[in-house]
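S.K.: What follows is the file input-v1.cif, containing mmCIF, C-alpha atoms (C1' of nucleotides):
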data_data
loop_
_atom_site.label_atom_id
_atom_site.label_comp_id
_atom_site.auth_asym_id
_atom_site.auth_seq_id
_atom_site.Cartn_x
_atom_site.Cartn_y
_atom_site.Cartn_z
CA MET A 1 141.88 75.36 100.91
CA LYS A 2 139.85 78.46 100.44
CA LEU A 3 136.13 78.94 100.01
CA ILE A 4 134.81 82.22 98.71
CA THR A 5 131.15 82.95 99.37
CA ILE A 6 129.15 85.57 97.54
CA LEU A 7 125.76 86.25 99.03
CA GLY A 8 123.18 89.03 98.99
CA PRO A 9 119.49 89.65 98.52
CA THR A 10 117.78 88.88 95.26
CA ALA A 11 118.37 91.12 92.23
CA THR A 12 121.81 92.37 93.21
CA GLY A 13 123.90 90.62 90.57
CA LYS A 14 125.61 87.96 92.70
CA THR A 15 126.02 85.40 89.93
CA LYS A 16 127.65 87.83 87.56
CA LEU A 17 130.13 88.88 90.20
CA ALA A 18 130.86 85.27 91.12
CA ALA A 19 131.47 84.42 87.47
CA HIS A 20 133.88 87.31 87.00
CA LEU A 21 135.71 86.29 90.12
CA ALA A 22 135.86 82.70 88.92
CA PHE A 23 137.22 83.85 85.57
CA ARG A 24 139.93 85.87 87.24
CA ALA A 25 140.86 83.37 89.95
CA ASN A 26 140.38 80.06 88.10
CA GLY A 27 137.30 79.12 90.06
CA GLU A 28 134.04 77.28 89.71
CA ILE A 29 130.66 78.24 91.11
CA ILE A 30 128.56 76.26 93.58
CA GLY A 31 124.98 77.54 93.63
CA ALA A 32 123.29 78.09 96.99
CA ASP A 33 119.82 78.70 95.64
CA SER A 34 116.97 76.45 96.64
CA ARG A 35 114.98 77.09 93.47
CA GLN A 36 117.66 77.24 90.77
CA VAL A 37 118.39 73.58 91.42
CA PHE A 38 115.33 72.82 89.31
CA ARG A 39 115.53 72.50 85.56
CA LYS A 40 113.08 74.47 83.42
CA MET A 41 112.51 76.93 86.23
CA ASN A 42 114.59 79.69 84.72
CA ILE A 43 112.79 82.98 84.30
CA GLY A 44 111.01 82.73 87.63
CA THR A 45 114.18 81.88 89.56
CA GLY A 46 116.27 84.52 87.81
CA LYS A 47 118.55 81.89 86.31
CA ASP A 48 120.48 83.64 83.60
CA TYR A 49 122.92 81.40 81.73
CA GLU A 50 124.53 84.49 80.19
CA ASP A 51 125.83 85.41 83.64
CA TYR A 52 128.13 82.40 83.60
CA ILE A 53 129.87 83.49 80.41
CA VAL A 54 132.80 85.84 80.91
CA GLU A 55 134.69 87.05 77.86
CA GLY A 56 133.40 84.10 75.89
CA THR A 57 134.34 81.53 78.53
CA LEU A 58 131.70 79.43 80.26
CA ILE A 59 132.37 79.25 83.98
CA PRO A 60 131.52 75.79 85.33
CA TYR A 61 128.71 75.74 87.85
CA HIS A 62 127.33 73.16 90.26
CA LEU A 63 123.99 72.53 92.00
CA VAL A 64 122.02 74.35 89.34
CA ASP A 65 119.67 72.36 87.06
CA ILE A 66 120.15 69.12 88.95
CA MET A 67 116.54 68.22 89.75
CA GLU A 68 113.29 67.93 87.86
CA PRO A 69 110.61 70.41 88.82
CA GLY A 70 108.32 68.92 91.44
CA GLU A 71 111.01 66.70 92.96
CA GLU A 72 112.05 66.92 96.59
CA PHE A 73 115.23 68.75 97.48
CA SER A 74 116.29 69.57 101.01
CA VAL A 75 119.09 71.27 102.93
CA PHE A 76 120.61 67.85 103.36
CA ASP A 77 120.61 67.24 99.61
CA PHE A 78 122.24 70.61 99.23
CA TYR A 79 124.82 69.75 101.87
CA LYS A 80 125.78 66.53 100.09
CA GLY A 81 125.97 68.30 96.77
CA PHE A 82 128.08 71.04 98.25
CA VAL A 83 130.60 68.64 99.77
CA SER A 84 131.07 66.69 96.58
CA ALA A 85 131.29 69.82 94.42
CA PHE A 86 133.76 71.39 96.84
CA ASN A 87 135.96 68.29 96.81
CA GLU A 88 135.81 68.00 93.07
CA ILE A 89 136.73 71.63 92.46
CA SER A 90 139.48 71.85 95.00
CA GLY A 91 140.78 68.45 93.86
CA LYS A 92 141.41 70.04 90.48
CA GLY A 93 143.31 72.83 92.19
CA LYS A 94 140.59 75.33 91.40
CA LEU A 95 138.83 77.80 93.67
CA PRO A 96 135.31 76.95 94.87
CA ILE A 97 132.94 79.92 94.95
CA LEU A 98 129.68 79.48 96.82
CA CYS A 99 127.11 81.87 95.45
CA GLY A 100 123.45 82.34 96.26
CA GLY A 101 120.76 83.83 98.39
CA THR A 102 119.24 80.93 100.32
CA GLY A 103 120.09 81.77 103.92
CA LEU A 104 119.58 78.29 105.28
CA TYR A 105 121.84 76.70 102.67
CA LEU A 106 124.56 79.30 103.10
CA GLU A 107 124.45 79.01 106.85
CA SER A 108 124.53 75.22 106.72
CA VAL A 109 127.96 75.53 105.10
CA LEU A 110 129.28 78.56 106.95
CA LYS A 111 128.14 77.35 110.37
CA ARG A 112 128.82 73.70 109.58
CA TYR A 113 125.45 72.29 110.46
CA LEU A 114 125.28 68.80 111.89
CA LEU A 115 123.56 66.89 109.13
CA MET A 116 123.73 63.16 108.69
CA GLU A 117 122.27 60.54 106.44
CA VAL A 118 119.25 59.33 108.38
CA PRO A 119 118.13 55.86 107.31
CA GLU A 120 114.50 54.80 107.47
CA ASN A 121 113.63 53.35 110.84
CA ILE A 122 111.09 50.65 109.99
CA GLU A 123 110.26 49.83 113.57
CA LEU A 124 109.69 53.45 114.52
CA ARG A 125 107.57 54.02 111.44
CA LYS A 126 105.44 51.03 112.29
CA GLY A 127 104.75 52.46 115.73
CA LEU A 128 103.99 55.93 114.40
CA SER A 129 101.71 54.84 111.58
CA ALA A 130 98.96 54.00 114.06
CA LYS A 131 98.88 57.51 115.49
CA ASP A 132 96.94 60.44 114.13
CA GLU A 133 98.37 63.79 113.13
CA ASN A 134 97.77 65.53 116.43
CA GLU A 135 99.59 62.83 118.35
CA LEU A 136 102.48 63.03 115.93
CA ILE A 137 102.67 66.79 116.29
CA GLU A 138 102.82 66.34 120.04
CA ILE A 139 105.64 63.82 119.77
CA LEU A 140 107.60 66.05 117.41
CA SER A 141 107.17 69.14 119.57
CA GLY A 142 108.52 67.11 122.48
CA LEU A 143 111.68 66.47 120.46
CA LYS A 144 112.32 69.93 119.06
CA SER A 145 110.83 73.40 119.12
CA LEU A 146 108.54 73.82 116.16
CA HIS A 147 109.26 76.99 114.23
CA ASN A 148 107.01 76.34 111.33
CA THR A 149 104.15 74.25 110.16
CA THR A 150 105.82 72.95 107.03
CA ASP A 151 106.74 69.85 109.01
CA THR A 152 103.25 69.34 110.29
CA VAL A 153 101.02 69.70 107.22
CA CYS A 154 100.97 66.01 106.46
CA LYS A 155 101.69 62.70 108.10
CA ASP A 156 104.59 61.74 105.86
CA ARG A 157 106.56 64.83 106.74
CA LEU A 158 105.76 64.45 110.43
CA VAL A 159 106.98 60.87 110.52
CA ARG A 160 110.16 61.82 108.68
CA ALA A 161 110.81 64.73 111.03
CA ILE A 162 110.39 62.49 114.08
CA GLU A 163 112.63 59.88 112.52
CA ILE A 164 115.37 62.46 112.02
CA GLU A 165 115.10 63.79 115.56
CA TYR A 166 115.30 60.26 117.01
CA PHE A 167 118.34 59.49 114.94
CA HIS A 168 120.12 62.61 116.12
CA LYS A 169 119.36 61.74 119.73
CA GLU A 170 120.70 58.23 119.33
CA ASN A 171 123.78 59.20 117.34
CA PRO A 172 125.01 62.40 118.92
CA ALA A 173 128.70 61.79 118.45
CA LYS A 174 128.68 61.26 114.70
CA GLN A 175 130.19 64.30 113.06
CA PRO A 176 129.66 64.80 109.38
CA GLN A 177 132.62 64.91 107.03
CA TRP A 178 133.05 68.60 106.56
CA PRO A 179 135.85 69.68 104.28
CA GLU A 180 138.35 72.06 105.83
CA PHE A 181 138.45 75.52 104.32
CA GLU A 182 139.40 79.10 105.03
CA SER A 183 136.23 81.06 104.53
CA TYR A 184 135.89 84.50 102.98
CA VAL A 185 132.39 85.88 102.71
CA PHE A 186 131.34 88.79 100.52
CA GLY A 187 127.90 90.35 100.41
CA VAL A 188 126.52 92.37 97.53
CA ASN A 189 123.92 94.92 98.43
CA TYR A 190 122.30 98.20 97.53
CA GLU A 191 120.28 100.57 99.63
CA ARG A 192 116.95 98.89 100.30
CA SER A 193 114.88 101.29 98.20
CA VAL A 194 117.21 100.59 95.27
CA VAL A 195 116.86 96.84 95.70
CA MET A 196 113.08 97.29 95.61
CA LYS A 197 113.23 99.30 92.41
CA ARG A 198 115.49 96.70 90.84
CA ILE A 199 113.07 93.95 91.86
CA THR A 200 110.10 95.76 90.35
CA SER A 201 111.76 96.51 87.05
CA ARG A 202 113.17 93.00 86.85
CA LEU A 203 109.68 91.61 87.43
CA LYS A 204 108.38 93.58 84.45
CA THR A 205 111.17 92.20 82.31
CA ARG A 206 110.50 88.67 83.45
CA LEU A 207 106.83 88.94 82.55
CA ASP A 208 107.77 90.30 79.11
CA ASN A 209 110.17 87.43 78.70
CA GLY A 210 107.55 84.74 79.14
CA MET A 211 107.36 83.99 82.82
CA VAL A 212 103.66 83.17 82.65
CA GLU A 213 104.33 80.81 79.75
CA GLU A 214 107.10 79.13 81.74
CA VAL A 215 104.67 78.32 84.55
CA GLU A 216 102.03 77.19 82.05
CA SER A 217 104.46 74.79 80.50
CA LEU A 218 105.46 73.40 83.91
CA ILE A 219 101.80 72.72 84.61
CA ARG A 220 101.38 71.13 81.20
CA SER A 221 104.34 68.86 81.82
CA GLY A 222 102.59 67.53 84.92
CA VAL A 223 103.92 69.55 87.86
CA LYS A 224 101.18 69.77 90.45
CA LYS A 225 99.75 73.23 91.07
CA ASP A 226 99.93 72.82 94.84
CA ARG A 227 103.59 71.98 94.46
CA LEU A 228 104.17 75.10 92.39
CA LYS A 229 102.52 77.16 95.07
CA THR A 230 104.92 75.84 97.68
CA TYR A 231 107.78 77.00 95.47
CA GLY A 232 106.56 80.49 96.35
CA LEU A 233 106.89 83.91 94.72
CA GLU A 234 106.68 83.80 90.90
CA TYR A 235 105.49 80.18 90.85
CA LYS A 236 102.88 80.75 93.52
CA TYR A 237 101.36 83.98 92.19
CA VAL A 238 101.51 83.10 88.51
CA THR A 239 99.78 79.80 89.32
CA GLN A 240 97.09 81.69 91.20
CA TYR A 241 96.69 83.94 88.17
CA LEU A 242 96.41 80.98 85.82
CA GLU A 243 93.87 79.45 88.19
CA LYS A 244 91.92 82.73 87.88
CA GLU A 245 92.08 83.29 91.62
CA ILE A 246 93.52 86.76 90.94
CA ASP A 247 93.70 88.96 87.86
CA TYR A 248 96.85 90.08 86.10
CA ASN A 249 97.24 93.41 87.87
CA GLU A 250 96.63 91.85 91.24
CA MET A 251 99.21 89.18 90.46
CA PHE A 252 101.76 91.83 89.60
CA ARG A 253 101.01 93.84 92.71
CA LEU A 254 101.04 90.94 95.15
CA LEU A 255 104.05 89.25 93.61
CA ASN A 256 106.03 92.46 93.61
CA ILE A 257 105.30 92.95 97.31
CA ALA A 258 106.13 89.32 98.07
CA ILE A 259 109.54 89.61 96.41
CA HIS A 260 110.26 92.81 98.34
CA GLN A 261 109.42 90.99 101.55
CA PHE A 262 111.55 88.06 100.53
CA SER A 263 114.60 90.26 100.04
CA LYS A 264 114.03 91.66 103.51
CA ARG A 265 113.92 88.16 104.96
CA GLN A 266 117.16 87.36 103.19
CA MET A 267 118.78 90.35 104.87
CA THR A 268 117.53 89.05 108.23
CA TRP A 269 119.51 85.87 107.60
CA PHE A 270 122.66 87.78 106.72
CA ARG A 271 122.46 90.03 109.75
CA ARG A 272 121.99 87.03 111.95
CA MET A 273 125.05 85.36 110.43
CA GLU A 274 127.07 88.46 111.23
CA ARG A 275 125.79 88.48 114.79
CA ASN A 276 126.83 84.85 115.06
CA GLY A 277 130.40 85.61 114.14
CA ILE A 278 130.50 85.33 110.37
CA ASN A 279 132.32 88.27 108.84
CA ILE A 280 130.69 89.57 105.72
CA TYR A 281 132.62 92.07 103.62
CA TRP A 282 129.88 94.14 102.06
CA ILE A 283 130.30 95.35 98.52
CA ASP A 284 128.26 98.25 97.19
CA GLY A 285 126.27 96.95 94.26
CA ASN A 286 126.87 100.16 92.36
CA MET A 287 130.57 99.48 92.23
CA PRO A 288 131.84 98.13 88.92
CA ILE A 289 132.71 94.46 88.66
CA GLU A 290 136.36 95.34 89.30
CA ASP A 291 136.06 94.66 93.03
CA LYS A 292 137.70 91.26 92.81
CA VAL A 293 140.90 92.73 94.19
CA ASP A 294 140.01 91.46 97.65
CA LEU A 295 141.55 88.06 97.02
"C1'" G B 296 78.16 130.21 89.66
"C1'" G B 297 74.46 127.07 93.04
"C1'" U B 298 73.53 122.73 96.11
"C1'" A B 299 75.08 118.25 98.49
"C1'" C B 300 78.82 115.09 100.19
"C1'" C B 301 83.98 114.10 101.43
"C1'" A B 302 89.00 115.48 103.72
"C1'" U B 303 91.79 110.78 109.97
"C1'" A B 304 98.67 106.38 109.52
"C1'" G B 305 102.44 105.36 103.36
"C1'" C B 306 97.35 103.34 100.98
"C1'" U B 307 91.94 101.94 101.66
"C1'" C B 308 88.95 103.24 105.39
"C1'" A B 309 86.45 102.75 110.97
"C1'" G B 310 85.62 106.24 114.86
"C1'" U B 311 78.91 105.19 118.74
"C1'" U B 312 74.99 110.64 122.25
"C1'" G B 313 81.99 115.72 122.45
"C1'" G B 314 86.50 112.82 126.97
"C1'" U B 315 93.56 114.23 122.41
"C1'" A B 316 92.25 107.86 117.82
"C1'" G B 317 92.01 102.13 115.47
"C1'" A B 318 91.53 98.03 111.58
"C1'" G B 319 93.27 95.69 106.95
"C1'" C B 320 97.22 96.10 103.61
"C1'" A B 321 102.05 98.22 103.17
"C1'" A B 322 106.44 99.28 106.12
"C1'" C B 323 109.86 97.88 110.01
"C1'" G B 324 112.28 94.14 113.45
"C1'" G B 325 112.86 88.96 114.58
"C1'" A B 326 112.81 83.37 114.41
"C1'" C B 327 114.59 79.49 111.39
"C1'" U B 328 119.09 72.43 111.08
"C1'" G B 329 115.94 67.36 106.18
"C1'" A B 330 109.88 71.67 101.34
"C1'" A B 331 113.42 77.64 103.56
"C1'" A B 332 111.38 81.85 97.47
"C1'" A B 333 108.64 77.66 102.60
"C1'" U B 334 106.57 78.56 107.49
"C1'" C B 335 105.90 81.53 111.75
"C1'" C B 336 106.29 85.63 115.64
"C1'" G B 337 106.47 90.84 117.17
"C1'" U B 338 105.97 96.54 116.41
"C1'" G B 339 101.38 101.87 115.25
"C1'" U B 340 104.83 104.93 112.41
"C1'" G B 341 99.23 110.43 113.32
"C1'" U B 342 99.74 118.90 113.53
"C1'" C B 343 92.52 113.85 112.72
"C1'" G B 344 93.07 119.56 105.51
"C1'" C B 345 93.75 125.00 107.44
"C1'" U B 346 91.80 129.19 110.50
"C1'" G B 347 88.63 131.07 114.19
"C1'" G B 348 84.59 130.04 117.68
"C1'" U B 349 81.33 127.23 121.46
"C1'" U B 350 82.91 124.04 125.73
"C1'" C B 351 86.15 122.14 131.74
"C1'" A B 352 87.08 119.15 127.24
"C1'" A B 353 86.49 119.11 119.82
"C1'" A B 354 88.55 114.15 114.94
"C1'" U B 355 83.42 114.78 116.61
"C1'" C B 356 79.30 120.89 117.18
"C1'" C B 357 79.30 126.10 114.57
"C1'" C B 358 81.60 130.18 110.99
"C1'" G B 359 85.01 130.85 107.20
"C1'" C B 360 88.92 129.16 103.85
"C1'" U B 361 91.45 125.49 100.70
"C1'" G B 362 91.31 120.96 97.90
"C1'" G B 363 88.35 116.93 95.83
"C1'" U B 364 83.75 114.24 94.12
"C1'" A B 365 78.68 114.26 92.39
"C1'" C B 366 74.42 116.67 90.68
"C1'" C B 367 72.04 121.34 89.00
"C1'" A B 368 73.00 125.50 85.94
#
Take the structure from the file and write it as structure tokens.
M.R.:
Amino acid sequence: MKLITILGPTATGKTKLAAHLAFRANGEIIGADSRQVFRKMNIGTGKDYEDYIVEGTLIPYHLVDIMEPGEEFSVFDFYKGFVSAFNEISGKGKLPILCGGTGLYLESVLKRYLLMEVPENIELRKGLSAKDENELIEILSGLKSLHNTTDTVCKDRLVRAIEIEYFHKENPAKQPQWPEFESYVFGVNYERSVVMKRITSRLKTRLDNGMVEEVESLIRSGVKKDRLKTYGLEYKYVTQYLEKEIDYNEMFRLLNIAIHQFSKRQMTWFRRMERNGINIYWIDGNMPIEDKVDL
RNA sequence: GGUACCAUAGCUCAGUUGGUAGAGCAACGGACUGAAAAUCCGUGUGUCGCUGGUUCAAAUCCCGCUGGUACCA
């Protein structure tokens, strides 16, 4: 079995390329984008349904529009979705094409992360519920090195993180059911200054196309503002604008910078993957879509 | 035309009584295994507008020039 991966920083036309490849090679797309999984988050996530249509044919896609905005979705949920989509596609004799820009999700597949279903541990939870946040942070940092504070902002997440670490310690031998595949990874990229220009002009288009209204309607439908802010970028800054924390020009300026920085962080992931032995065949974004020859 | 003020990092600016410069933002590099578009760590990148002078020593004081801002004509 083969797995083709198409990755790259934001605003480089990955989806379009993946769709053309799928059209040519009888494939289906598996999204590796942590924000496009949410329905009704379209303009802000750069979800463009047109991209999936090649010469009038709709290319089937997976792991896009599978959650309601505001719901929880994690690498593990992605992993499960990936495995079942991969099996379904290859079961039909078609070619799975993983396409997206979320480094963690891509790496979880390409480096075959050890991820297992971790059941709730009632007994452990009972013991932990008596402790305060600082004690929990201490316990967690004894189990793993803490790289971020997303795990430690609230008690629920702390308890869950500890639960997962305990489970891994107690069940070290359990390997997840990874499908076997020959992996080919392609990266789409432009010179950094070009990516930045593309980001800026795309941001203008998005605003003209109703991005602010999209966020407004998410808020109206009951998505919490704090939740929107954790979605980052467009959702964070537009929410701040709607909250009148910043004015329109400031929103544009800060958001534009934040997306530039995001694309840089994405490249950090890709470089690291290469250092860790994943071969990425880079494709110049300026090249016409006819670079599917590489199959 | 006259007077005053300003000119320091990519940007906005600090820089005490002279001892060859430093913050914020940007930029750049990195980390990352259950929210990852999140979260966090590291790095100063400089003809101190130009020219001449005073001084052991000038971003700092003086002359002139250039550019800008404000006010007076």
S.K.: Which residues are near range 7-17 of chain A? Cut-off 8 Å, all atoms listed in the file, ignore same chain within fewer than 6 positions. Put them as a list of chain:residue names.
M.R.: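 The residues satisfying every condition are A:Asp51, A:Tyr52, A:Cys99, A:Gly100, A:Gly101, A:Val185, A:Phe186, A:Gly187, A:Val188, A:Asn189, A:Tyr190, A:Val195, A:Arg198, A:Ile199, A:Arg202, A:Ser263, A:Lys264, A:Gln266, A:Met267, A:Phe270, A:Gly285, A:Ile289.
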S.K.: A:Gly142, A:Gly31, A:Gly103, A:Gly81: which is nearest chain B, counting all atoms listed in the file?
M.R.: A:Gly103
S.K.: Could you give me, as CSV, every chain A residue with an atom at most 10 Å from chain B, plus its closest atom pair and distance in Å to one decimal, counting all atoms listed in the file, rows ordered by chain then number?
M.R.:
residue,atom,partner,partner_atom,distance
A:Thr10,CA,B:A332,C1',9.8
A:Asp33,CA,B:A332,C1',9.2
A:Ser34,CA,B:A332,C1',7.8
A:Arg35,CA,B:A332,C1',7.2
A:Gly44,CA,B:A332,C1',9.9
A:Thr45,CA,B:A332,C1',8.4
A:Glu71,CA,B:A330,C1',9.8
A:Glu72,CA,B:A330,C1',7.1
A:Phe73,CA,B:A330,C1',7.2
A:Ser74,CA,B:G329,C1',5.6
A:Val75,CA,B:G329,C1',6.0
A:Phe76,CA,B:G329,C1',5.5
A:Asp77,CA,B:G329,C1',8.1
A:Phe78,CA,B:G329,C1',9.9
A:Gly101,CA,B:A332,C1',9.6
A:Thr102,CA,B:A331,C1',7.4
A:Gly103,CA,B:A331,C1',7.9
A:Leu104,CA,B:A331,C1',6.4
A:Tyr105,CA,B:A331,C1',8.5
A:Glu107,CA,B:U328,C1',9.5
A:Ser108,CA,B:U328,C1',7.5
A:Arg112,CA,B:U328,C1',9.9
A:Tyr113,CA,B:U328,C1',6.4
A:Leu114,CA,B:U328,C1',7.2
A:Leu115,CA,B:U328,C1',7.4
A:Met116,CA,B:G329,C1',9.2
A:Glu117,CA,B:G329,C1',9.3
A:Val118,CA,B:G329,C1',9.0
A:Leu146,CA,B:C335,C1',9.3
A:His147,CA,B:C335,C1',6.2
A:Asn148,CA,B:U334,C1',4.5
A:Thr149,CA,B:U334,C1',5.6
A:Thr150,CA,B:U334,C1',5.7
A:Asp151,CA,B:A330,C1',8.5
A:Arg157,CA,B:A330,C1',9.3
A:Arg160,CA,B:G329,C1',8.4
A:Ala161,CA,B:G329,C1',7.5
A:Ile164,CA,B:G329,C1',7.6
A:Arg227,CA,B:A330,C1',9.3
A:Lys229,CA,B:A333,C1',9.7
A:Thr230,CA,B:A333,C1',6.4
A:Tyr231,CA,B:A332,C1',6.4
A:Gly232,CA,B:A332,C1',5.1
A:Leu233,CA,B:A332,C1',5.7
A:Glu234,CA,B:A332,C1',8.3
A:Tyr235,CA,B:A332,C1',9.0
A:Lys236,CA,B:A332,C1',9.4
A:Ile257,CA,B:A321,C1',8.5
A:Ala258,CA,B:A332,C1',9.2
A:Ile259,CA,B:A332,C1',8.0
A:Gln261,CA,B:A322,C1',9.9
A:Phe262,CA,B:A332,C1',6.9
A:Ser263,CA,B:A332,C1',9.4
A:Lys264,CA,B:C323,C1',9.9
A:Arg265,CA,B:G325,C1',9.7
A:Gln266,CA,B:A332,C1',9.8
A:Thr268,CA,B:G325,C1',7.9
A:Trp269,CA,B:C327,C1',8.9
A:Arg272,CA,B:G325,C1',9.7
S.K.: Hey, which of B:U338, B:C343, B:C360, B:U349 ends up closest to A304 in chain B? Count only C-alpha atoms (C1' of nucleotides).
M.R.: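 When distances to A304 in chain B are compared using only C-alpha atoms (C1' of nucleotides), the smallest one comes from B:C343.
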S.K.: Enumerate, as a PyMOL selection string, the residues matched when the PyMOL selection byres ((chain B and resi 306-314) around 8) is run on the file above.
M.R.: chain B and resi 305+316-318+320-321+352-353+355-356
S.K.: Compare A:His260, A:Lys131, A:His20, A:Lys111 by their minimum atom-to-atom distance to Gly277 in chain A, counting only C-alpha atoms, and give me the closest one.
M.R.: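 Once distances to Gly277 in chain A are computed over only C-alpha atoms, the minimum belongs to A:Lys111.
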S.K.: Please write the residues picked by the PyMOL selection byres ((chain A and resi 251) around 12) on this file as a count of residues only.
M.R.: 30
